[in-house]
Every structure is written in structure tokens, then in C-alpha cells.
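Here is coords18.csv, consisting of CSV, C-alpha atoms and all ligand atoms:
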chain,number,residue,atom,x,y,z
A,1,MET,CA,0.0,0.0,0.0
A,2,LYS,CA,2.8,2.4,0.9
A,3,ASN,CA,4.1,2.2,-2.7
A,4,ASP,CA,1.1,4.3,-3.8
A,5,LEU,CA,2.5,7.3,-1.9
A,6,PRO,CA,5.0,9.8,-3.3
A,7,PRO,CA,8.6,9.1,-2.3
A,8,GLU,CA,10.2,11.5,0.1
A,9,SER,CA,12.2,13.1,-2.8
A,10,ALA,CA,8.9,14.1,-4.4
A,11,LEU,CA,7.9,16.4,-1.5
A,12,GLN,CA,6.8,19.8,-2.7
A,13,PRO,CA,9.2,22.6,-1.8
A,14,ASP,CA,6.8,25.5,-2.3
A,15,ALA,CA,4.7,25.0,0.9
A,16,PRO,CA,3.5,28.0,3.0
A,17,PHE,CA,6.2,29.3,5.4
A,18,TYR,CA,6.5,27.2,8.6
A,19,GLN,CA,9.3,27.6,11.1
A,20,PRO,CA,9.7,24.2,12.8
A,21,ALA,CA,10.2,23.7,16.6
A,22,GLY,CA,11.6,20.2,16.7
A,23,ASP,CA,10.8,17.0,14.9
A,24,GLU,CA,7.1,17.7,14.2
A,25,ILE,CA,7.7,17.5,10.4
A,26,THR,CA,9.1,14.0,10.6
A,27,ILE,CA,6.4,12.9,13.0
A,28,PHE,CA,3.7,14.2,10.7
A,29,GLU,CA,5.2,12.6,7.7
A,30,GLN,CA,5.8,9.3,9.3
A,31,ALA,CA,2.3,9.2,10.7
A,32,TRP,CA,1.0,9.9,7.2
A,33,ARG,CA,3.2,7.2,5.6
A,34,ASN,CA,2.0,4.7,8.2
A,35,HIS,CA,-1.7,5.7,7.9
A,36,LEU,CA,-2.0,6.9,11.4
A,37,PRO,CA,-4.2,9.9,12.5
A,38,LEU,CA,-2.7,12.8,14.3
A,39,LEU,CA,-3.8,15.0,17.2
A,40,ILE,CA,-2.2,18.3,17.7
A,41,LYS,CA,-2.7,20.1,21.0
A,42,GLY,CA,-1.6,23.5,21.9
A,43,PRO,CA,-2.7,27.1,22.7
A,44,THR,CA,-4.4,29.3,20.1
A,45,GLY,CA,-2.2,31.0,17.5
A,46,CYS,CA,0.8,28.9,18.0
A,47,GLY,CA,1.0,27.5,14.5
A,48,LYS,CA,-1.1,24.4,14.4
A,49,THR,CA,-3.2,25.3,11.4
A,50,ARG,CA,-0.2,26.7,9.5
A,51,PHE,CA,1.7,23.5,10.2
A,52,VAL,CA,-1.0,21.4,8.8
A,53,ALA,CA,-1.3,23.6,5.7
A,54,HIS,CA,2.5,23.4,5.3
A,55,MET,CA,2.5,19.6,5.5
A,56,ALA,CA,-0.4,19.2,3.1
A,57,ALA,CA,1.5,21.3,0.5
A,58,ARG,CA,4.8,19.5,1.2
A,59,LEU,CA,3.1,16.2,0.6
A,60,GLY,CA,1.1,17.4,-2.3
A,61,LEU,CA,-2.3,16.5,-0.8
A,62,PRO,CA,-5.6,18.3,-0.9
A,63,LEU,CA,-6.5,19.8,2.5
A,64,TYR,CA,-10.0,20.2,3.9
A,65,THR,CA,-10.1,22.3,7.1
A,66,VAL,CA,-13.1,22.4,9.3
A,67,ALA,CA,-13.3,24.9,12.3
A,68,CYS,CA,-15.4,22.9,14.7
A,69,HIS,CA,-18.1,24.5,16.9
A,70,ASP,CA,-20.8,23.3,19.2
A,71,ASP,CA,-23.5,23.0,16.4
A,72,LEU,CA,-21.3,21.0,14.1
A,73,THR,CA,-22.9,17.6,13.4
A,74,ALA,CA,-21.8,14.5,11.8
A,75,ALA,CA,-23.8,15.5,8.7
A,76,ASP,CA,-21.8,18.7,8.4
A,77,LEU,CA,-18.7,16.5,8.1
A,78,VAL,CA,-20.1,13.6,6.1
A,79,GLY,CA,-22.6,15.3,3.8
A,80,ARG,CA,-26.3,15.7,3.3
A,81,HIS,CA,-29.1,15.5,0.8
A,82,LEU,CA,-29.9,19.0,-0.7
A,83,ILE,CA,-33.0,19.9,-2.6
A,84,GLY,CA,-32.7,21.8,-5.8
A,85,ASP,CA,-34.9,22.0,-8.9
A,86,GLY,CA,-37.3,19.6,-7.3
A,87,GLU,CA,-34.6,17.0,-7.1
A,88,THR,CA,-32.7,15.7,-4.1
A,89,VAL,CA,-29.0,15.5,-4.6
A,90,TRP,CA,-26.4,14.1,-2.3
A,91,CYS,CA,-23.6,16.5,-1.4
A,92,ASP,CA,-20.4,15.3,0.2
A,93,GLY,CA,-19.2,17.1,3.3
A,94,PRO,CA,-15.5,18.0,3.7
A,95,LEU,CA,-14.6,14.7,5.5
A,96,THR,CA,-16.1,12.6,2.8
A,97,ARG,CA,-14.4,14.7,0.1
A,98,ALA,CA,-11.0,14.3,1.8
A,99,VAL,CA,-11.6,10.5,2.1
A,100,ARG,CA,-12.6,10.2,-1.6
A,101,GLU,CA,-9.7,12.3,-2.8
A,102,GLY,CA,-7.1,10.7,-0.5
A,103,GLY,CA,-6.4,14.1,1.1
A,104,ILE,CA,-6.0,15.5,4.6
A,105,CYS,CA,-9.1,16.4,6.7
A,106,TYR,CA,-8.1,18.8,9.5
A,107,LEU,CA,-10.7,19.3,12.3
A,108,ASP,CA,-9.7,22.4,14.2
A,109,GLU,CA,-10.9,22.5,17.9
A,110,VAL,CA,-12.4,19.1,17.5
A,111,VAL,CA,-13.7,18.9,21.1
A,112,GLU,CA,-16.2,21.7,20.3
A,113,ALA,CA,-18.0,19.4,17.8
A,114,ARG,CA,-21.1,17.5,18.9
A,115,LYS,CA,-20.7,14.1,20.3
A,116,ASP,CA,-22.3,12.4,17.3
A,117,THR,CA,-19.3,13.3,15.3
A,118,THR,CA,-17.1,10.9,17.2
A,119,VAL,CA,-19.2,8.1,15.8
A,120,VAL,CA,-18.0,8.9,12.3
A,121,LEU,CA,-14.4,9.6,13.4
A,122,HIS,CA,-13.8,6.3,15.3
A,123,PRO,CA,-13.9,3.8,12.4
A,124,LEU,CA,-11.8,6.3,10.3
A,125,ALA,CA,-9.2,6.8,13.1
A,126,ASP,CA,-8.3,3.2,13.7
A,127,ASP,CA,-6.9,0.6,11.4
A,128,ARG,CA,-10.3,0.0,9.7
A,129,ARG,CA,-10.1,3.4,8.1
A,130,LEU,CA,-13.7,3.3,7.1
A,131,LEU,CA,-16.3,6.1,6.6
A,132,PRO,CA,-19.8,4.8,6.8
A,133,ILE,CA,-22.3,7.2,5.1
A,134,ASP,CA,-25.6,6.1,6.7
A,135,ARG,CA,-27.8,8.2,4.5
A,136,THR,CA,-26.6,6.8,1.2
A,137,GLY,CA,-25.7,3.3,2.5
A,138,GLU,CA,-22.1,3.8,1.3
A,139,LEU,CA,-19.1,2.5,3.2
A,140,LEU,CA,-16.0,4.2,2.0
A,141,GLN,CA,-12.5,2.7,2.5
A,142,ALA,CA,-10.0,5.5,3.0
A,143,PRO,CA,-7.2,5.3,0.4
A,144,PRO,CA,-3.6,5.1,1.7
A,145,SER,CA,-2.9,8.8,1.3
A,146,PHE,CA,-5.9,9.9,3.4
A,147,MET,CA,-5.0,11.4,6.8
A,148,LEU,CA,-7.2,12.6,9.6
A,149,VAL,CA,-5.7,15.4,11.7
A,150,VAL,CA,-7.4,17.0,14.7
A,151,SER,CA,-6.4,19.8,17.0
A,152,TYR,CA,-7.6,21.2,20.3
A,153,ASN,CA,-6.5,23.7,22.9
A,154,PRO,CA,-6.2,22.0,26.3
A,155,GLY,CA,-6.3,25.4,28.0
A,156,TYR,CA,-10.0,25.9,27.0
A,157,GLN,CA,-11.2,22.5,28.1
A,158,ASN,CA,-13.3,21.9,31.1
A,159,LEU,CA,-13.4,18.4,32.4
A,160,LEU,CA,-16.6,17.6,30.7
A,161,LYS,CA,-15.4,18.8,27.3
A,162,GLY,CA,-12.0,17.1,27.3
A,163,MET,CA,-11.5,14.4,24.7
A,164,LYS,CA,-12.7,10.9,25.7
A,165,PRO,CA,-9.8,8.5,26.2
A,166,SER,CA,-11.4,6.1,23.6
A,167,THR,CA,-11.1,8.9,21.1
A,168,ARG,CA,-7.7,10.3,21.9
A,169,GLN,CA,-6.1,6.9,22.1
A,170,ARG,CA,-6.7,6.5,18.4
A,171,PHE,CA,-4.2,9.3,17.6
A,172,VAL,CA,-0.5,9.9,17.4
A,173,SER,CA,-0.2,13.1,19.5
A,174,LEU,CA,2.0,16.2,19.1
A,175,ARG,CA,2.2,19.0,21.7
A,176,PHE,CA,2.7,22.6,20.4
A,177,ASP,CA,3.6,25.5,22.6
A,178,PHE,CA,4.6,29.1,22.3
A,179,PRO,CA,7.8,29.3,20.3
A,180,THR,CA,11.2,30.1,21.9
A,181,SER,CA,12.4,33.7,21.4
A,182,VAL,CA,14.7,32.9,18.6
A,183,ARG,CA,12.1,30.9,16.7
A,184,GLU,CA,9.4,33.5,17.3
A,185,GLU,CA,11.6,36.2,16.0
A,186,ALA,CA,12.2,34.1,12.9
A,187,ILE,CA,8.5,33.6,12.5
A,188,LEU,CA,7.8,37.3,12.8
A,189,ARG,CA,10.5,38.2,10.2
A,190,GLY,CA,9.4,35.4,7.9
A,191,GLU,CA,5.7,36.3,8.1
A,192,THR,CA,5.9,40.1,8.0
A,193,GLY,CA,9.4,41.0,6.6
A,194,CYS,CA,10.0,43.2,9.7
A,195,ASP,CA,13.5,43.9,10.8
A,196,ALA,CA,15.4,42.0,13.5
A,197,ASP,CA,15.1,44.9,16.0
A,198,LEU,CA,11.3,45.1,15.8
A,199,ALA,CA,11.0,41.3,15.9
A,200,ARG,CA,13.1,41.2,19.1
A,201,ARG,CA,11.1,44.0,20.8
A,202,LEU,CA,7.8,42.4,20.0
A,203,VAL,CA,9.0,39.0,21.2
A,204,ASN,CA,10.2,40.6,24.5
A,205,ILE,CA,6.8,42.1,25.0
A,206,ALA,CA,5.2,38.7,24.4
A,207,GLY,CA,7.5,37.1,26.9
A,208,ALA,CA,6.6,39.6,29.6
A,209,LEU,CA,2.9,39.3,28.8
A,210,ARG,CA,3.0,35.5,28.9
A,211,ALA,CA,4.6,35.6,32.3
A,212,LEU,CA,1.5,37.5,33.5
A,213,LYS,CA,-0.9,34.9,32.0
A,214,ASP,CA,-1.9,32.9,35.0
A,215,HIS,CA,-2.5,36.0,37.1
A,216,ASP,CA,-4.8,38.2,35.0
A,217,LEU,CA,-5.4,36.8,31.6
A,218,GLU,CA,-7.5,34.0,30.3
A,219,GLU,CA,-5.2,33.2,27.4
A,220,ALA,CA,-1.6,34.3,26.7
A,221,ALA,CA,-0.5,36.6,23.8
A,222,SER,CA,-0.2,34.4,20.7
A,223,THR,CA,2.3,34.7,17.9
A,224,ARG,CA,-0.7,35.7,15.6
A,225,LEU,CA,-1.2,38.9,17.6
A,226,LEU,CA,2.5,39.8,17.4
A,227,ILE,CA,2.3,39.4,13.6
A,228,TYR,CA,-0.7,41.8,13.6
A,229,ALA,CA,1.3,44.3,15.6
A,230,ALA,CA,4.4,44.0,13.3
A,231,LEU,CA,2.2,44.5,10.2
A,232,LEU,CA,0.6,47.7,11.7
A,233,ILE,CA,4.1,49.0,12.7
A,234,LYS,CA,5.6,48.2,9.3
A,235,ALA,CA,2.7,50.1,7.7
A,236,GLY,CA,3.8,53.2,9.6
A,237,MET,CA,1.7,53.1,12.8
A,238,ASP,CA,3.1,54.2,16.1
A,239,PRO,CA,4.5,51.1,17.9
A,240,VAL,CA,2.7,51.7,21.2
A,241,ALA,CA,-0.6,52.3,19.5
A,242,ALA,CA,-0.1,49.3,17.3
A,243,CYS,CA,0.6,47.1,20.3
A,244,ARG,CA,-2.4,48.4,22.1
A,245,ALA,CA,-4.7,47.7,19.2
A,246,ALA,CA,-3.2,44.4,18.0
A,247,VAL,CA,-2.1,42.8,21.2
A,248,VAL,CA,-3.4,44.3,24.5
A,249,GLU,CA,-7.0,45.1,23.6
A,250,SER,CA,-7.3,41.6,22.0
A,251,LEU,CA,-6.3,40.0,25.3
A,252,THR,CA,-8.6,41.6,27.8
A,253,ASP,CA,-11.6,43.8,28.3
A,254,ASP,CA,-10.6,44.9,31.8
A,255,THR,CA,-9.3,48.4,31.7
A,256,GLU,CA,-7.0,48.0,34.7
A,257,ILE,CA,-5.3,45.0,33.1
A,258,VAL,CA,-5.0,47.0,29.9
A,259,ASP,CA,-3.2,49.7,31.8
A,260,ALA,CA,-0.9,47.2,33.4
A,261,LEU,CA,-0.1,45.5,30.0
A,262,MET,CA,0.5,48.9,28.4
A,263,GLU,CA,3.2,49.5,30.9
A,264,VAL,CA,5.1,46.5,29.5
A,265,VAL,CA,4.6,47.9,26.0
A,266,SER,CA,5.7,51.4,26.9
A,267,ALA,CA,8.8,50.1,28.6
A,268,THR,CA,9.8,48.4,25.4
A,269,PHE,CA,9.1,51.2,22.8
B,301,LIG,P1,-3.4,27.9,15.6
B,301,LIG,O1,-4.0,27.0,14.5
B,301,LIG,O2,-2.5,27.2,16.5
B,301,LIG,O3,-4.4,28.7,16.3
B,301,LIG,P2,-2.2,29.3,13.4
B,301,LIG,O4,-1.5,28.2,12.7
B,301,LIG,O5,-3.4,29.9,12.7
B,301,LIG,O6,-2.5,29.0,14.9
B,301,LIG,O7,-1.0,30.5,13.6
B,301,LIG,C1,-1.3,31.8,13.6
B,301,LIG,C2,-0.4,32.6,12.8
B,301,LIG,O8,0.9,32.6,13.4
B,301,LIG,C3,-0.2,31.9,11.4
B,301,LIG,O9,-1.1,32.5,10.5
B,301,LIG,C4,1.2,32.3,11.1
B,301,LIG,O10,1.2,33.6,10.5
B,301,LIG,C5,1.9,32.4,12.4
B,301,LIG,N1,2.7,31.3,12.9
B,301,LIG,C6,2.6,30.7,14.1
B,301,LIG,N2,3.5,29.7,14.2
B,301,LIG,C7,4.2,29.7,13.0
B,301,LIG,C8,5.3,28.9,12.6
B,301,LIG,N3,5.9,28.0,13.3
B,301,LIG,N4,5.8,29.2,11.3
B,301,LIG,C9,5.2,30.2,10.6
B,301,LIG,N5,4.2,30.9,11.0
B,301,LIG,C10,3.7,30.7,12.2
As C-alpha cells:
Amino acid sequence: MKNDLPPESALQPDAPFYQPAGDEITIFEQAWRNHLPLLIKGPTGCGKTRFVAHMAARLGLPLYTVACHDDLTAADLVGRHLIGDGETVWCDGPLTRAVREGGICYLDEVVEARKDTTVVLHPLADDRRLLPIDRTGELLQAPPSFMLVVSYNPGYQNLLKGMKPSTRQRFVSLRFDFPTSVREEAILRGETGCDADLARRLVNIAGALRALKDHDLEEAASTRLLIYAALLIKAGMDPVAACRAAVVESLTDDTEIVDALMEVVSATF
């Protein structure tokens, strides 16, 4: 079966920019070559989605990304009958399309999805690799190049919402975290083209804000917010105002905390 997959030498070089942290590229690729599903856990904005997009492009596979939410049902993933011109037509959902095409289906924030979705994920995520489509009676066997990737943010979960062991034990798991300073500076420069000095200052601010996280903030400053700030500053905006708008106000609604965070910003610029 593995012979159907492109050899490593055929990997596409023109993938979206991704600055690796460790051996995640190898783990992803080996999981894919061995037909294993992958779970990526980590805080928001730390590069999970970018990583999956990068790997899909590297491996030359179509990618179907679904942002999961609490109304998401199995039918949203698998498909449904639609009525048009007096006729009922079956319309594949993103999971079914990824299975048929042998691509990657990426379910972002999978724990948000309704529980009935796990019913369709289970037989796909173990060695059966089957997708039953109850409404059409089809039973799809996933081709070797199909891969299921899910992510979630452990910080958001309450005990009730965490992933069930019977689900999580079907996946190879990768933990993502905020990047080291050197790596985050490289990400900022790669993403925005900003200079080394601006990247260093913004990363310093993020470090100071992340140290405050457990005290006052629900969620720490993500790399994504730093990228927004760098883009505004590069466009000519005053750095302090840019950090307020792109970073601080996005982190909290509490004006006292905003003032405290702005002290960190003002000390840097
Ligand atoms: P997540 O899916 O973890 O919430 P994203 O993958 O959407 O986060 O990352 C947010 C943004 O941060 C991306 O659009 C990208 O610009 C940037 N980013 C984060 N980590 C990296 C990385 N390792 N390499 C390149 N860009 C990154």
C-alpha cells in the first residue's frame, strides 16, 4: 500500500512558510506514511493550522479544514441531501471529500464538535479506516494517502469537554507550545518581513505578557497577535498604539489590566 505514496524526494518545496520547533515535520510525515491519524494540542495562534497547511502542501495533498463549533454535526462533516430543482442530490461534506480524494481532513478545535461526530471519526481513526455514510448506505474505505488530523486547545477545556480516552487513544499526538524567542523572531520576520530589532522587541513584550498569563489573563498573547502588531508598525503606525490595538485590547476587556499590560509595552518602545 505504501508504494502508492510519493517518495520523500517528491515532497513539494513551495509550501506555506513554517518555522519548525523540533521533529514535528518528521512525526507528521511518518504518521501519514503509516496511515495513522494525528492529534495536535496547543494554545491558540501557536501555528497548528499553519503547520497542517505546510505539511499538506509539502506532501502534495488536498486539504479540507473544518473549524469545529458546538453546532457541528456528523452531517456537516459527512454530507447531506440537498433539494434543488425539485430533485434531491447528495452533497459530500469535507470529511467525505477528503476520504474520496485521499487528502487530509483537519478538524480544528475538535472537542467543540457535537458528540455524534465521534461516531464517524472512530472507524476512520483506527486501522479499519472506514467512513460509513448512513444516509446513502455507502461504506468508504479511505485510500492510503488519506489522513485525519485534529487539534484542540487543552487550555480551553473543562473536564466535561476534554476528549474521551477512547477517542484520543486512536491518535498519534503532538504538543505545540509558544515558540522560543529565537524561533518566534524568525516567524515574525518570515511572516511580515519586519527587521530584527522590531521582531526582538515584540517577542520581548510577548514574553513579559505571557509571564502574567496565569495572574490576570485567560489566554496568553499568541504569535498571531505579534504578527498583527508587526504588520501595523511596518505600515507606519506608532508602535505603542499598534501594540495596544493588535495585542493588548485583544487579550482583555478589563481596563485596569489593559493599563498594566500597556506599561510593559511602553517600557519596550
Ligand atoms: P493555531 O492554529 O495554532 O491557532 P495558526 O497556525 O493559525 O495558529 O497560527 C497563527 C499565525 O501565526 C499563522 O497564520 C502564522 O502567521 C503564524 N505562525 C505561528 N507559528 C508559526 C510557525 N511555526 N511558522 C510560521 N508561521 C507561524
Please identify every polymer residue within 10 Å of ligand LIG 301 (chain B), using only C-alpha atoms and all ligand atoms, and present the set as a VMD selection string. chain A and resid 16 to 21 40 to 54 67 108 to 109 151 to 153 176 to 179 183 to 184 186 to 192 222 to 228
Taking 5 positions as the minimum chain separation for residues in the same chain, which residues sit within 8 Å of Val264 (chain A) when counting only C-alpha atoms? Answer as a list in words. Ile205, Ala208 and Leu209 of chain A
Kindly provide the residues of region 151-201 of chain A that approach region 236-243 of chain A to within 12 Å, each paired with its closest atom pair and their distance in Å to one decimal, based on all atoms listed in the file, listed by chain and increasing number, as JSON lines.
{"residue": "A:Cys194", "atom": "CA", "partner": "A:Gly236", "partner_atom": "CA", "distance": 11.8}
{"residue": "A:Leu198", "atom": "CA", "partner": "A:Pro239", "partner_atom": "CA", "distance": 9.3}
{"residue": "A:Ala199", "atom": "CA", "partner": "A:Pro239", "partner_atom": "CA", "distance": 11.9}
{"residue": "A:Arg201", "atom": "CA", "partner": "A:Pro239", "partner_atom": "CA", "distance": 10.1}
Mind pulling up the distance from CA of Ser173 (chain A) to CA of Thr96 (chain A)? 23.1 Å
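If you look at CA of Leu39 (chain A) and CA of Pro123 (chain A), they are 15.8 Å away from each other.
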Among listed residues A:Ile133, A:Ala125, A:Cys105, A:Leu38, nearest Arg80 (chain A) (using only C-alpha atoms): A:Ile133
Give me, please, the distance in Å between CA of Arg175 (chain A) and CA of Thr65 (chain A), quoted to one decimal.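 Value for the CA of Arg175 (chain A)-CA of Thr65 (chain A) distance: 19.4 Å.
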Report as a list in words all protein, DNA and RNA residues lying within 9 Å of Arg200 (chain A), evaluated on all atoms listed in the file, omitting residues in the same chain fewer than 2 positions from it. Ser181, Val182, Glu184, Glu185, Asp195, Ala196, Asp197, Leu198, Leu202, Val203, Asn204 and Ile205 of chain A
Selection near Pro143 (chain A), 8 Å with all atoms listed in the file, sequence-local residues under 4 positions removed, as a VMD selection string: chain A and resid 99 to 100 102
Please identify all polymer residues within 10 Å of Leu77 (chain A), counting all atoms listed in the file, omitting same-chain residues fewer than 5 positions from it, and present them as a PDB file with C-alpha atoms, in the coordinates of the input.
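And here is the file that came out, out-v2.pdb:
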ATOM      1  CA  VAL A  66     -13.100  22.400   9.300  1.00  0.00           C
ATOM      2  CA  CYS A  68     -15.400  22.900  14.700  1.00  0.00           C
ATOM      3  CA  LEU A  72     -21.300  21.000  14.100  1.00  0.00           C
ATOM      4  CA  ASP A  92     -20.400  15.300   0.200  1.00  0.00           C
ATOM      5  CA  GLY A  93     -19.200  17.100   3.300  1.00  0.00           C
ATOM      6  CA  PRO A  94     -15.500  18.000   3.700  1.00  0.00           C
ATOM      7  CA  LEU A  95     -14.600  14.700   5.500  1.00  0.00           C
ATOM      8  CA  THR A  96     -16.100  12.600   2.800  1.00  0.00           C
ATOM      9  CA  ARG A  97     -14.400  14.700   0.100  1.00  0.00           C
ATOM     10  CA  CYS A 105      -9.100  16.400   6.700  1.00  0.00           C
ATOM     11  CA  LEU A 107     -10.700  19.300  12.300  1.00  0.00           C
ATOM     12  CA  THR A 117     -19.300  13.300  15.300  1.00  0.00           C
ATOM     13  CA  VAL A 120     -18.000   8.900  12.300  1.00  0.00           C
ATOM     14  CA  LEU A 121     -14.400   9.600  13.400  1.00  0.00           C
TER      15      LEU A 121
END
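Near Gly103 (chain A), within 8 Å and counting only C-alpha atoms, sit Leu61, Pro62, Leu63, Tyr64, Ala98, Val99, Ser145, Phe146 and Met147 of chain A, not including residues fewer than 4 positions from it in the same chain.
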From the options A:Asp116, A:Asp126, A:Leu148, A:Ala267, which residue's atoms come nearest to Ile104 (chain A), counting all atoms listed in the file?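 That would be A:Leu148, the residue with the smallest distance to Ile104 (chain A).
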Using all atoms listed in the file, which residue out of A:Ile27, A:Leu212, A:Ala220, A:Gln141 lies closest to Ala260 (chain A)?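 Smallest separation from Ala260 (chain A) among the options: A:Leu212.
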